[in-house]
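> See final-v9.cif below, with mmCIF, C-alpha atoms.
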```cif
data_input
loop_
_atom_site.label_atom_id
_atom_site.label_comp_id
_atom_site.auth_asym_id
_atom_site.auth_seq_id
_atom_site.Cartn_x
_atom_site.Cartn_y
_atom_site.Cartn_z
CA MET C 277 46.25 106.14 -7.94
CA THR C 278 44.24 104.55 -10.68
CA ILE C 279 41.25 102.30 -10.09
CA PHE C 280 40.35 100.07 -13.03
CA ILE C 281 36.63 99.54 -13.46
CA PRO C 282 35.45 96.19 -14.88
CA THR C 283 33.13 96.09 -17.88
CA PRO C 284 29.87 95.49 -15.94
CA LEU C 285 30.42 98.43 -13.59
CA ARG C 286 31.35 101.05 -16.16
CA PRO C 287 27.75 102.20 -16.66
CA TYR C 288 27.79 103.23 -12.98
CA ALA C 289 31.14 105.03 -13.26
CA GLY C 290 30.26 107.47 -16.00
CA GLY C 291 31.30 104.95 -18.66
CA LYS C 292 34.93 105.18 -17.53
CA ASP C 293 37.26 102.19 -17.57
CA ALA C 294 39.60 103.87 -15.09
CA VAL C 295 39.19 106.48 -12.38
CA ASN C 296 41.96 108.43 -10.65
CA VAL C 297 41.69 109.03 -6.91
CA SER C 298 44.09 110.55 -4.38
CA ALA C 299 43.49 108.44 -1.27
CA GLY C 300 46.10 107.09 1.15
CA THR C 301 44.67 103.59 1.67
CA VAL C 302 42.68 100.99 -0.24
CA ASN C 303 39.60 101.82 1.84
CA GLY C 304 40.09 105.51 1.20
CA ALA C 305 40.36 104.87 -2.53
CA LEU C 306 37.13 102.87 -2.61
CA ASP C 307 35.41 105.54 -0.48
CA GLU C 308 36.48 108.27 -2.87
CA LEU C 309 35.39 106.18 -5.84
CA THR C 310 31.90 105.59 -4.43
CA ARG C 311 31.58 109.21 -3.31
CA ASN C 312 32.22 110.28 -6.88
CA PHE C 313 30.02 107.52 -8.32
CA PRO C 314 27.38 106.66 -5.68
CA ASP C 315 25.62 104.15 -7.94
CA LEU C 316 28.66 101.91 -7.67
CA ARG C 317 28.22 101.40 -3.94
CA LYS C 318 25.45 98.81 -4.08
CA HIS C 319 27.39 96.81 -6.64
CA LEU C 320 30.54 96.71 -4.53
CA PHE C 321 29.29 96.57 -0.96
CA THR C 322 26.65 94.73 1.03
CA GLY C 323 24.10 96.64 3.08
CA GLU C 324 26.46 96.23 6.03
CA GLY C 325 29.23 97.96 4.14
CA LYS C 326 31.37 94.89 3.48
CA LEU C 327 32.76 94.09 0.05
CA ARG C 328 30.43 91.65 -1.70
CA ALA C 329 31.81 88.12 -1.61
CA PHE C 330 32.20 87.90 -5.39
CA VAL C 331 33.98 91.24 -5.70
CA ASN C 332 37.77 90.88 -5.73
CA VAL C 333 39.97 93.91 -5.23
CA TYR C 334 43.58 93.69 -6.30
CA LEU C 335 46.25 96.19 -5.33
CA ASN C 336 48.58 95.82 -8.30
CA ASP C 337 48.79 91.99 -8.46
CA GLU C 338 47.92 91.32 -4.80
CA ASP C 339 44.52 90.28 -3.49
CA VAL C 340 43.66 92.88 -0.85
CA ARG C 341 41.95 90.23 1.29
CA TYR C 342 45.31 88.54 1.81
CA LEU C 343 47.39 91.63 2.53
CA PRO C 344 48.35 91.96 6.21
CA GLN C 345 46.49 95.26 6.57
CA LYS C 346 43.73 94.28 4.12
CA GLU C 347 41.66 97.34 3.12
CA SER C 348 43.74 99.56 5.42
CA THR C 349 46.86 98.94 3.30
CA PRO C 350 48.56 102.21 2.33
CA VAL C 351 48.67 103.05 -1.37
CA SER C 352 50.89 105.32 -3.44
CA PRO C 353 50.02 107.39 -6.51
CA SER C 354 51.70 104.87 -8.83
CA ASP C 355 49.63 101.93 -7.51
CA THR C 356 46.68 100.48 -9.36
CA LEU C 357 43.55 98.99 -7.90
CA SER C 358 41.60 96.47 -10.01
CA ILE C 359 38.01 95.56 -9.22
CA ILE C 360 37.38 92.08 -10.56
CA PRO C 361 34.08 90.23 -10.10
CA SER C 362 34.69 86.50 -9.76
CA ILE C 363 34.15 84.13 -12.67
CA ALA C 364 33.23 80.51 -12.09
CA GLY C 365 30.57 77.96 -12.92
CA GLY C 366 30.28 74.61 -14.58
CA SER C 367 27.80 71.96 -15.50
CA ALA C 368 27.53 70.65 -11.94
CA THR C 369 24.43 71.23 -9.87
CA HIS C 370 25.12 71.41 -6.13
CA GLY C 371 28.33 69.45 -6.59
CA GLU C 372 26.69 66.52 -8.36
CA ARG C 373 27.26 65.49 -11.92
CA LYS C 374 24.05 65.74 -13.88
CA ASN C 375 22.74 63.37 -16.50
CA ALA C 376 25.06 62.12 -19.19
CA PHE C 377 25.29 64.02 -22.43
CA ARG C 378 22.12 64.01 -24.44
CA CYS C 379 21.33 65.31 -27.89
CA GLU C 380 20.11 68.84 -28.11
CA ASN C 381 17.75 70.63 -30.36
CA PRO C 382 19.96 71.57 -33.31
CA SER C 383 18.13 74.86 -33.62
CA SER C 384 19.50 75.96 -30.26
CA GLY C 385 23.05 76.26 -31.47
CA VAL C 386 25.05 77.27 -34.46
CA MET L 245 17.70 89.03 -29.04
CA SER L 246 21.27 90.29 -28.97
CA THR L 247 23.95 88.91 -31.26
CA LEU L 248 27.45 87.79 -30.39
CA ARG L 249 29.66 88.52 -33.37
CA ILE L 250 32.78 86.40 -33.37
CA SER L 251 35.49 85.61 -35.90
CA GLN L 252 35.78 82.08 -37.22
CA ALA L 253 39.29 81.92 -35.76
CA VAL L 254 38.19 82.78 -32.22
CA TYR L 255 35.13 80.55 -32.48
CA ASP L 256 37.30 77.65 -33.57
CA ALA L 257 39.87 78.40 -30.87
CA ILE L 258 37.44 78.26 -27.96
CA ARG L 259 35.88 75.03 -29.26
CA ALA L 260 39.33 73.50 -29.74
CA HIS L 261 40.19 74.49 -26.17
CA GLY L 262 37.22 72.44 -24.94
CA GLU L 263 38.44 69.44 -26.89
CA GLU L 264 41.98 69.81 -25.55
CA THR L 265 40.94 69.87 -21.90
CA TYR L 266 38.30 67.12 -22.21
CA PRO L 267 37.15 65.46 -19.98
CA HIS L 268 37.75 68.61 -17.95
CA GLU L 269 36.09 71.96 -18.43
CA CYS L 270 38.09 74.63 -20.20
CA CYS L 271 37.64 78.33 -19.53
CA GLY L 272 38.79 81.68 -20.79
CA ALA L 273 37.85 85.26 -21.53
CA LEU L 274 36.42 86.85 -24.66
CA LEU L 275 37.87 90.21 -25.62
CA GLY L 276 36.11 92.64 -27.87
CA ARG L 277 34.11 95.79 -28.26
CA SER L 278 30.49 96.70 -27.76
CA SER L 279 28.65 96.82 -31.05
CA GLY L 280 25.30 98.23 -29.99
CA ASN L 281 23.25 95.07 -30.02
CA GLY L 282 25.77 92.68 -28.48
CA TRP L 283 29.51 92.18 -28.42
CA ARG L 284 31.96 91.94 -31.27
CA ILE L 285 34.62 89.45 -30.18
CA GLU L 286 38.08 90.01 -31.60
CA ALA L 287 40.28 87.79 -29.43
CA SER L 288 40.13 85.18 -26.73
CA ALA L 289 42.41 84.54 -23.78
CA ARG L 290 42.77 81.05 -22.39
CA ALA L 291 42.75 80.71 -18.62
CA GLY L 292 43.60 77.90 -16.28
CA ASN L 293 40.78 76.09 -14.50
CA THR L 294 41.56 76.37 -10.80
CA ARG L 295 38.84 73.87 -9.84
CA THR L 296 41.23 70.94 -10.01
CA ASP L 297 39.15 69.17 -7.36
CA SER L 298 36.19 68.88 -9.76
CA ALA L 299 37.44 70.01 -13.15
CA HIS L 300 35.09 67.69 -15.03
CA ASN L 301 32.06 69.76 -14.04
CA ARG L 302 33.36 72.99 -12.50
CA TYR L 303 35.53 75.87 -13.58
CA GLN L 304 36.97 78.91 -11.94
CA ILE L 305 39.39 81.52 -13.22
CA ALA L 306 41.85 82.90 -10.68
CA PRO L 307 41.08 86.61 -10.18
CA VAL L 308 44.73 87.52 -10.56
CA GLU L 309 44.65 85.93 -14.00
CA LEU L 310 41.64 88.09 -14.83
CA VAL L 311 43.55 91.15 -13.67
CA ARG L 312 46.30 90.27 -16.15
CA ILE L 313 43.86 89.44 -18.95
CA GLU L 314 42.06 92.75 -18.44
CA ARG L 315 45.38 94.62 -18.42
CA GLU L 316 46.33 92.98 -21.71
CA ALA L 317 42.90 93.65 -23.19
CA ARG L 318 43.19 97.31 -22.26
CA ARG L 319 46.60 97.44 -23.91
CA GLN L 320 44.98 96.14 -27.12
CA GLY L 321 42.11 98.63 -26.88
CA LEU L 322 39.65 95.84 -26.08
CA GLU L 323 37.35 95.06 -23.17
CA ILE L 324 36.50 91.83 -21.41
CA ALA L 325 33.27 91.14 -23.24
CA GLY L 326 32.51 87.77 -21.75
CA PHE L 327 33.78 84.34 -20.89
CA TYR L 328 33.68 80.88 -22.33
CA HIS L 329 33.80 77.42 -20.86
CA SER L 330 32.99 73.88 -21.88
CA HIS L 331 30.50 71.31 -20.62
CA PRO L 332 32.10 67.89 -21.12
CA ASP L 333 29.41 65.33 -21.98
CA HIS L 334 26.75 67.80 -20.97
CA PRO L 335 24.46 70.14 -22.96
CA ALA L 336 25.51 73.64 -23.93
CA GLN L 337 22.95 75.18 -21.61
CA TRP L 338 23.70 77.25 -18.53
CA SER L 339 23.42 75.36 -15.29
CA PRO L 340 22.25 76.61 -11.89
CA THR L 341 25.94 76.76 -10.95
CA ASP L 342 26.71 78.88 -14.01
CA PHE L 343 23.90 81.24 -13.07
CA ALA L 344 24.73 81.49 -9.38
CA GLU L 345 28.36 82.30 -10.12
CA ALA L 346 27.75 84.71 -12.99
CA HIS L 347 28.43 88.30 -11.94
CA TRP L 348 29.58 90.07 -15.11
CA LEU L 349 26.32 91.80 -15.98
CA GLY L 350 26.10 92.79 -19.61
CA CYS L 351 28.72 90.25 -20.65
CA SER L 352 28.35 87.10 -22.75
CA TYR L 353 28.81 83.61 -21.39
CA VAL L 354 29.62 81.12 -24.14
CA ILE L 355 29.23 77.40 -23.45
CA THR L 356 30.40 74.59 -25.72
CA ALA L 357 29.17 71.05 -25.22
CA VAL L 358 32.00 68.59 -25.75
CA ALA L 359 30.65 65.11 -26.46
CA GLN L 360 33.14 62.28 -26.10
CA GLY L 361 35.97 64.69 -26.77
CA LYS L 362 34.45 66.44 -29.80
CA ALA L 363 33.08 69.98 -29.68
CA ALA L 364 29.34 69.89 -30.39
CA VAL L 365 26.86 72.72 -29.87
CA THR L 366 28.08 76.16 -28.83
CA ASN L 367 25.60 78.58 -27.30
CA SER L 368 25.93 82.09 -25.93
CA PHE L 369 23.98 83.67 -23.10
CA LEU L 370 23.97 87.36 -22.25
CA LEU L 371 23.88 88.04 -18.50
CA ALA L 372 21.14 90.66 -18.58
CA GLY L 373 19.78 92.80 -15.75
CA THR L 374 21.17 95.60 -13.63
CA THR L 375 21.79 93.96 -10.24
CA GLU L 376 22.44 90.58 -8.66
CA GLU L 377 18.77 90.51 -7.74
CA ASP L 378 17.33 90.87 -11.24
CA LYS L 379 20.09 89.24 -13.31
CA HIS L 380 19.04 86.63 -15.85
CA PHE L 381 20.51 84.83 -18.82
CA GLN L 382 19.19 85.59 -22.32
CA GLN L 383 20.23 83.33 -25.16
CA GLU L 384 22.01 85.18 -27.94
CA THR L 385 22.43 84.55 -31.63
CA ILE L 386 26.03 83.70 -32.52
CA ASP L 387 27.18 85.27 -35.76
CA VAL L 388 30.41 83.57 -36.78
CA ALA L 389 32.74 85.14 -39.34
CA ALA L 390 31.19 88.58 -39.00
CA VAL L 391 34.48 89.77 -37.52
CA GLU L 392 37.88 89.74 -39.15
CA PRO L 393 40.36 87.55 -37.24
CA PHE L 394 42.38 89.58 -34.77
CA ALA L 395 46.11 89.01 -34.95
CA VAL L 396 47.14 89.94 -31.43
CA GLN L 397 46.96 87.14 -28.88
CA SER L 398 46.68 87.65 -25.16
CA GLU L 399 49.80 86.98 -23.17
CA SER L 400 47.72 85.25 -20.54
CA LYS L 401 48.36 81.69 -19.48
CA LYS L 402 47.53 79.05 -22.00
CA GLY L 403 45.38 76.48 -20.22
#
```
Could you quickly redo this structure as structure tokens?


Amino acid sequence: MTIFIPTPLRPYAGGKDAVNVSAGTVNGALDELTRNFPDLRKHLFTGEGKLRAFVNVYLNDEDVRYLPQKESTPVSPSDTLSIIPSIAGGSATHGERKNAFRCENPSSGV
Amino acid sequence: MSTLRISQAVYDAIRAHGEETYPHECCGALLGRSSGNGWRIEASARAGNTRTDSAHNRYQIAPVELVRIEREARRQGLEIAGFYHSHPDHPAQWSPTDFAEAHWLGCSYVITAVAQGKAAVTNSFLLAGTTEEDKHFQQETIDVAAVEPFAVQSESKKG
């Protein structure tokens, strides 16, 4: 199967945007990936070996966290696994709206 | 300081997106190629803001939408180079929330202030560092019109 590597992790995967592995489960695929590219491990997993909270793993278009067998889900050679760090944010600070808009230093923008 | 090179068309498109979704935050991905000292942005892909509970000051892109955007970018020979969002009636500076939830190291985070519905300042911040522990934002220069407009549009959801 093919594992797609997101932009920020490519430097730790030999610069590759995709890596082929021959595992039978999602866990096996991630194990093989991090065996081949050990520097990836700390970016994907906590010290306790769990996927970091902001790292999403999709088997084709399905979030692995919501599959019945989660990381133990079987995979086939034609499947793809996408590693997608989460993307979020906003102007709020701790859920509170900050001060109203104020003028900025024109030199800070374009 | 790194430079974000972006076509006038893409620059205008992401600012217009912020005006369209005002008073809510817009969000989307920037697609391009590495150009040595920063990214060269050739296309943008609008995304839906899933933070409907607090869309005026929060944004989130559904991961499955990112999977599709990345697939489309790959098809075009591009990479996800960064993300953009708007700050309605708020400065174009990264917030603690932006920082805490930024995980795409090496990518650009573009923020447009939208004041009373009109796009104002647009700034770009490179998420520098090598790990979650040493990550930090560095403001970038934005070089508009240094890139020819890219004809192919992402098939991702228009937000």

> Expand the PyMOL selection byres ((chain L) within 7 of (chain C)) into the individual residues it matches in the shown file, reporting them as a PyMOL selection string.

chain L and resi 301-305+307-308+311+323-324+331+333-335+339-342+345-350+359+365-367+386

> Show me the residues close to (37.0, 68.1, -14.6) - anything with an atom within 9 Å, counting all atoms listed in the file - and format the list as a list of chain:residue names.

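Residues found, by chain and rising number: L:Thr265, L:Tyr266, L:Pro267, L:His268, L:Glu269, L:Cys270, L:Asn293, L:Arg295, L:Thr296, L:Asp297, L:Ser298, L:Ala299, L:His300, L:Asn301, L:Arg302, L:Tyr303, L:Pro332.
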
> Extract, using only C-alpha atoms, all DNA, RNA and protein residues at most 8 Å from Val254 of chain L, discarding same-chain residues fewer than 3 positions from it, and format them as a list in words.

Ile250, Ser251, Ala257, Ile258, Ile285, Glu286, Ala287, Ser288 and Pro393 of chain L

> Care to translate the PyMOL selection byres ((chain L and resi 261) around 10) into actual residues of this file, as a count of residues only?

22

> Taking the file as shown, what set of residues would the PyMOL selection byres ((chain L and resi 372) around 6) give back, as a PyMOL selection string?

chain L and resi 349-350+370-371+373+379-381

> Contacts of segment 304-306 of chain C at 10 Å or less, counting all atoms listed in the file, minus same-chain residues fewer than 3 places along, as an MDAnalysis selection string?

chainID C and resid 277:279 296:301 309:312 316:317 320 333 347:351 357 359

> Quick check, in Å to one decimal: how far apart do atom CA of Glu316 of chain L and atom CA of Thr356 of chain C lie?

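Going from atom CA of Glu316 of chain L over to atom CA of Thr356 of chain C, I get 14.5 Å.
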
> From the set L:Gln320, L:Ser279, L:Gln383, L:Gln360, which residue has the shortest atom-to-atom contact distance to Gln337 of chain L, counting only C-alpha atoms?

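That would be L:Gln383, the residue with the smallest distance to Gln337 of chain L.
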
> What is the distance between atom CA of Leu322 of chain L and atom CA of Val388 of chain L, in Å to one decimal?

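Taking atom CA of Leu322 of chain L and atom CA of Val388 of chain L, their separation equals 18.7 Å.
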
> Rounded to one decimal place, report the atom CA of Ala289 of chain L-atom CA of Ile313 of chain L distance in Å.

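About the pair atom CA of Ala289 of chain L and atom CA of Ile313 of chain L: they are 7.0 Å apart.
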
> Select, from C:Ile281, C:Tyr288, C:Val295, C:Val302, the residue with the minimum atom-to-atom distance to Gln345 of chain C, counting all atoms listed in the file.

C:Val302

> Around (37.8, 89.4, -22.3) in the file's frame, which residues reach within 6 Å when counting all atoms listed in the file? Return as a list in words?

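Looking at atoms near the point gives Ala273, Leu274, Leu275, Glu323, Ile324, Ala325 and Gly326 of chain L.
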